[in-house]
Every structure is written in C-alpha cells, then in structure tokens.
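Participant: Take this structure first; my questions come after.
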Amino acid sequence: MKQAKRMRTRLALDRPAQIAVSLRHAMPTAHVELTHRSPWELLVATILSAQCTDQRVNQVTPTLFRQYPTAQAMTKATPTELEALIRSTGFYKSKAKSLIGCAQVIAGRFEGQVPDTMEALTSVPGVGRKTANVLLGAVFGKPAIVVDTHVRRVANRLALTHSSDPEQIEGDLQSLYPQSQWTEVSQRLLLHGRYVCLARKPRCCGCPIYDLCEWEGKL
C-alpha cells in the first residue's frame, strides 16, 4: 500500500517533466512567431500582438519597420500616421499611443537600446510582464515564462496551475520546471494552445500529450 502510494506520488511529480519531454518531441524547435530582426522590432510586434494574431501583425510590420526602423525614428511619428499603419491589428488608437510613448522612453532614458531586465522593461509604456518575458526569453536569452491566453488555458487544462492570474501561473510554472527550461516550456505550451489545444474545439485526436492530460473536458 505504502509503496503504491509512493509510486503514485513519484508519477505525479514526474508528470510536468513528461509533458515537457513529449512537447519537445512534438516540437523540436519552438520559436516566437512574430517576425523581427532586432529587440526593438520584437518589442513593437509584441505590443501590436495584443488581441491580434501573429499572422496579422507580421503582415503589418514590414511597412511599419521600413518607416520607423528605430525607437528614435518612431518618436517622430504622429498618432494619426501610426494608426493608419496598424489599424488592422485592432485597438489601434491605444496601441499607437503606447508605441509612441514606448519609443520616447527607449530613445531617451535608454539611449535607443531596448533594456534587458524585467524592472526596466516594465517601466516602459505599453510593456507588461508578458511582453517583457517575450523579450527576455526570445532575444536576451534569459529564463522567462510567457503567460498569454494560450498558456493560461493549457496550463490549467494540464493541471499545472489552478489559477487564472498570469503572475500566479508564471510562479506555478517556475516552481515546476528548472530555470533552464522556462523559456522553451512556456513557448511550447503557447504553440500547443495555438494549434492543438484550442479554446472551443481542441484537437485532442493526435495530441502528443493526450495521455498526460487530466482535463475532464478532453475529447
């Protein structure tokens, strides 16, 4: 009886690691899907991606980056000019305001260089923890867990967390995985939610972690 209980406990503790391994096999490479060539471009693209698909953002940014390739260049943009370029990403008025404010701070306080710490990044207009973690993990190579709507959904369905609060989810995932895996694990959870574990019609058939999923709603 005690041995069986210890075995169940060990298996439960191993499950997060098994999920990470299975997702790695399914997605050997997992990268941010926002097209960018610099920290500045990824910062802008991530701000635009709020309530918008990466595909749509990638359609908008080539023209945007040609006109405003740096933070200094974007400080010269007017809200009307930016709104016209980013309208299709939605919430374009607030995004244009954030981008101009962001550019002013990056160009001024940080001398045109996107900072590489959570504290500095979140001091920039329009940059919250999610955006900061995208930058930290994808371009600065620092351990970072991105919690977006996909990660929140998948982490809850997999019982890796029982919270809807992004910061709590971030903390829960940090406690389950070593720092060296934070970036890759969260990116794979994100992509798994984007393409397989969909909100309304999850593609459970063929899911690489189906047997590890404890979600009672799985098909």
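Residues in the structure tokens are named by chain (A, B, ... in the order shown) and by number from 1 within that chain; ligands are numbered from 1 in the order shown.
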Which residues are near Gln113 of chain A? Cut-off 9 Å, only C-alpha atoms, ignore same chain within fewer than 3 positions. Put them as JSON, numbers by chain.
Facilitator: {"A": [39, 40, 71, 106, 107, 110]}
Participant: What lies within 12 Å of Gly217 of chain A using only C-alpha atoms, ignoring chain neighbours under 5 positions off, as a compact mmCIF listing (two decimals) with N, CA and C atoms, in the first residue's frame?
Facilitator:
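After the write, result-v2.txt holds the following:
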# COMPACT_ATOMS: atom_id res chain seq x y z
N ASN A 156 -3.85 25.31 -17.24
CA ASN A 156 -4.99 24.93 -16.40
C ASN A 156 -5.54 23.57 -16.81
N ARG A 157 -5.67 23.33 -18.10
CA ARG A 157 -6.19 22.04 -18.55
C ARG A 157 -5.27 20.90 -18.15
N LEU A 158 -3.97 21.17 -18.11
CA LEU A 158 -2.99 20.14 -17.73
C LEU A 158 -2.80 20.07 -16.22
N CYS A 197 -4.46 22.58 -28.65
CA CYS A 197 -5.39 22.67 -27.52
C CYS A 197 -6.20 23.96 -27.63
N ALA A 199 -9.31 26.72 -27.81
CA ALA A 199 -10.27 27.09 -26.76
C ALA A 199 -11.61 26.40 -26.94
N ARG A 200 -12.14 26.42 -28.16
CA ARG A 200 -13.50 25.90 -28.38
C ARG A 200 -13.52 24.46 -28.88
N LYS A 201 -12.65 24.13 -29.80
CA LYS A 201 -12.64 22.78 -30.37
C LYS A 201 -11.22 22.22 -30.32
N PRO A 202 -10.79 21.79 -29.15
CA PRO A 202 -9.42 21.26 -29.04
C PRO A 202 -9.23 20.04 -29.94
N ARG A 203 -8.07 19.95 -30.53
CA ARG A 203 -7.75 18.85 -31.44
C ARG A 203 -7.10 17.72 -30.64
N CYS A 204 -7.94 17.07 -29.84
CA CYS A 204 -7.42 16.03 -28.95
C CYS A 204 -6.92 14.81 -29.72
N TYR A 210 -1.87 13.71 -24.87
CA TYR A 210 -3.23 13.30 -24.51
C TYR A 210 -3.24 12.46 -23.24
Participant: What residues in segment 54-110 of chain A get the DSSP label helix (DSSP H, G or I)? Please answer as an MDAnalysis selection string.
Facilitator: chainID A and resid 54:67 71:74 79:89 92:108
Participant: Give me, as a Markdown table, each residue of segment 104-216 of chain A that comes within 10 Å of segment 29-35 of chain A, together with its shortest interatomic pair and the distance in Å at one decimal, counting only C-alpha atoms, with rows ordered by chain and rising residue number.
Facilitator:
| residue | atom | partner | partner_atom | distance |
| --- | --- | --- | --- | --- |
| A:Val134 | CA | A:Val32 | CA | 8.1 |
| A:Leu135 | CA | A:Val32 | CA | 9.9 |
| A:Gly137 | CA | A:Val32 | CA | 9.5 |
| A:Ala138 | CA | A:Val32 | CA | 6.9 |
| A:Val139 | CA | A:Val32 | CA | 9.8 |
| A:Thr183 | CA | A:Ala30 | CA | 9.6 |
| A:Glu184 | CA | A:Ala30 | CA | 6.9 |
| A:Val185 | CA | A:Ala30 | CA | 9.1 |
| A:Ser186 | CA | A:Ala30 | CA | 9.7 |
| A:Gln187 | CA | A:Ala30 | CA | 6.3 |
| A:Arg188 | CA | A:Ala30 | CA | 6.1 |
| A:Leu189 | CA | A:Ala30 | CA | 9.7 |
| A:Leu190 | CA | A:Ala30 | CA | 9.5 |
| A:Leu191 | CA | A:Ala30 | CA | 7.7 |
Participant: Restricting the calculation to only C-alpha atoms: of A:Leu43, A:Met74, A:Leu176, A:Ile145, which residue gets closest to Ala103 of chain A?
Facilitator: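 Closest candidate: A:Met74.
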Participant: Within 9 Å of Cys52 of chain A, counting only C-alpha atoms, which residues show up once you throw out same-chain ones fewer than 6 positions away? Write them as a count of residues only, please.
Facilitator: 3
Participant: I'd like a table as a tab-separated table: residues in segment 76-148 of chain A with an atom no more than 10 Å from segment 164-167 of chain A, each row giving the shortest atom pair and its distance in Å to one decimal, only C-alpha atoms counted, sorted by chain and rising residue number.
Facilitator:
residue	atom	partner	partner_atom	distance
A:Arg129	CA	A:Glu167	CA	8.2
A:Lys130	CA	A:Pro166	CA	8.4
A:Ile145	CA	A:Glu167	CA	9.8
A:Val146	CA	A:Pro166	CA	8.9
A:Val147	CA	A:Pro166	CA	5.9
A:Asp148	CA	A:Pro166	CA	7.5
Participant: Using C-alpha atoms, can you write the selected residues to a file as a PDB file, in the first residue's frame?
Facilitator:
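The resulting file, again_39.pdb, is shown below:
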ATOM      1  CA  ARG A 129       5.199  41.208 -17.704  1.00  0.00           C
ATOM      2  CA  LYS A 130       4.069  39.160 -20.707  1.00  0.00           C
ATOM      3  CA  ILE A 145       7.927  32.281 -18.791  1.00  0.00           C
ATOM      4  CA  VAL A 146       5.448  33.972 -21.099  1.00  0.00           C
ATOM      5  CA  VAL A 147       1.854  33.687 -19.916  1.00  0.00           C
ATOM      6  CA  ASP A 148      -0.661  34.588 -22.590  1.00  0.00           C
TER       7      ASP A 148
END
Participant: With only C-alpha atoms as the atoms that count, which of A:Leu99, A:Val196, A:Ile86, A:Met27 lies nearest to Thr61 of chain A?
Facilitator: A:Ile86
Participant: At what distance in Å, to one decimal, does atom CA of Leu42 of chain A lie from atom CA of Tyr92 of chain A?
Facilitator: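 Separation between atom CA of Tyr92 of chain A and atom CA of Leu42 of chain A: 17.5 Å.
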Participant: Could you tell me how far atom CA of Tyr177 of chain A sits from atom CA of Ala17 of chain A, in Å to one decimal place?
Facilitator: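 About the pair atom CA of Ala17 of chain A and atom CA of Tyr177 of chain A: they are 7.5 Å apart.
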Participant: One decimal, Å: what's the distance from atom CA of Leu23 of chain A over to atom CA of Asp172 of chain A, could you say?
Facilitator: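 Distance reported for this atom pair: 18.5 Å.
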Participant: Using only C-alpha atoms, find the one residue out of A:Arg87, A:Lys95, A:Arg109, A:Lys76 that sits nearest to Thr46 of chain A.
Facilitator: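 Closest candidate: A:Lys95.
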Participant: When distances are computed from only C-alpha atoms, which of A:Lys97, A:Arg37, A:His162, A:His192 shows the smallest separation from Cys207 of chain A?
Facilitator: A:His192
Participant: Could you pull the residues within 8 Å of Ser98 of chain A, counting only C-alpha atoms, minus those fewer than 3 positions along the same chain, as a count of residues only?
Facilitator: 6
Participant: Leaving out Leu160 of chain A and any residue of its chain fewer than 6 positions from it, which residues lie within 12 Å of it when counting only C-alpha atoms, given as a CSV table (one decimal) with C-alpha atoms, in the first residue's frame?
Facilitator:
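The resulting part-v5.csv:
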chain,number,residue,atom,x,y,z
A,12,ALA,CA,2.5,12.9,-10.2
A,13,LEU,CA,5.8,14.7,-9.6
A,14,ASP,CA,7.2,13.4,-12.9
A,15,ARG,CA,4.2,14.4,-15.0
A,16,PRO,CA,5.3,18.1,-15.6
A,17,ALA,CA,8.7,16.8,-16.8
A,19,ILE,CA,4.8,16.9,-20.5
A,20,ALA,CA,7.9,18.9,-21.4
A,151,VAL,CA,-0.5,29.3,-21.8
A,152,ARG,CA,-3.2,30.1,-19.3
A,153,ARG,CA,-5.7,27.7,-20.9
A,154,VAL,CA,-3.2,24.9,-21.5
A,168,GLN,CA,0.4,33.2,-10.3
A,169,ILE,CA,0.6,31.0,-13.3
A,170,GLU,CA,4.1,32.2,-14.0
A,171,GLY,CA,5.1,31.4,-10.5
A,172,ASP,CA,3.5,28.0,-10.6
A,173,LEU,CA,5.3,27.0,-13.8
A,174,GLN,CA,8.6,28.4,-12.4
A,175,SER,CA,8.2,26.0,-9.4
A,176,LEU,CA,7.6,23.0,-11.7
A,177,TYR,CA,10.5,23.5,-14.1
A,185,VAL,CA,8.4,25.1,-21.9
A,186,SER,CA,6.3,28.2,-22.0
A,189,LEU,CA,2.7,25.5,-24.2
A,212,LEU,CA,-0.8,13.1,-19.7
A,213,CYS,CA,-3.8,15.5,-19.8
A,214,GLU,CA,-6.1,15.5,-16.8
A,215,TRP,CA,-8.6,17.9,-18.2
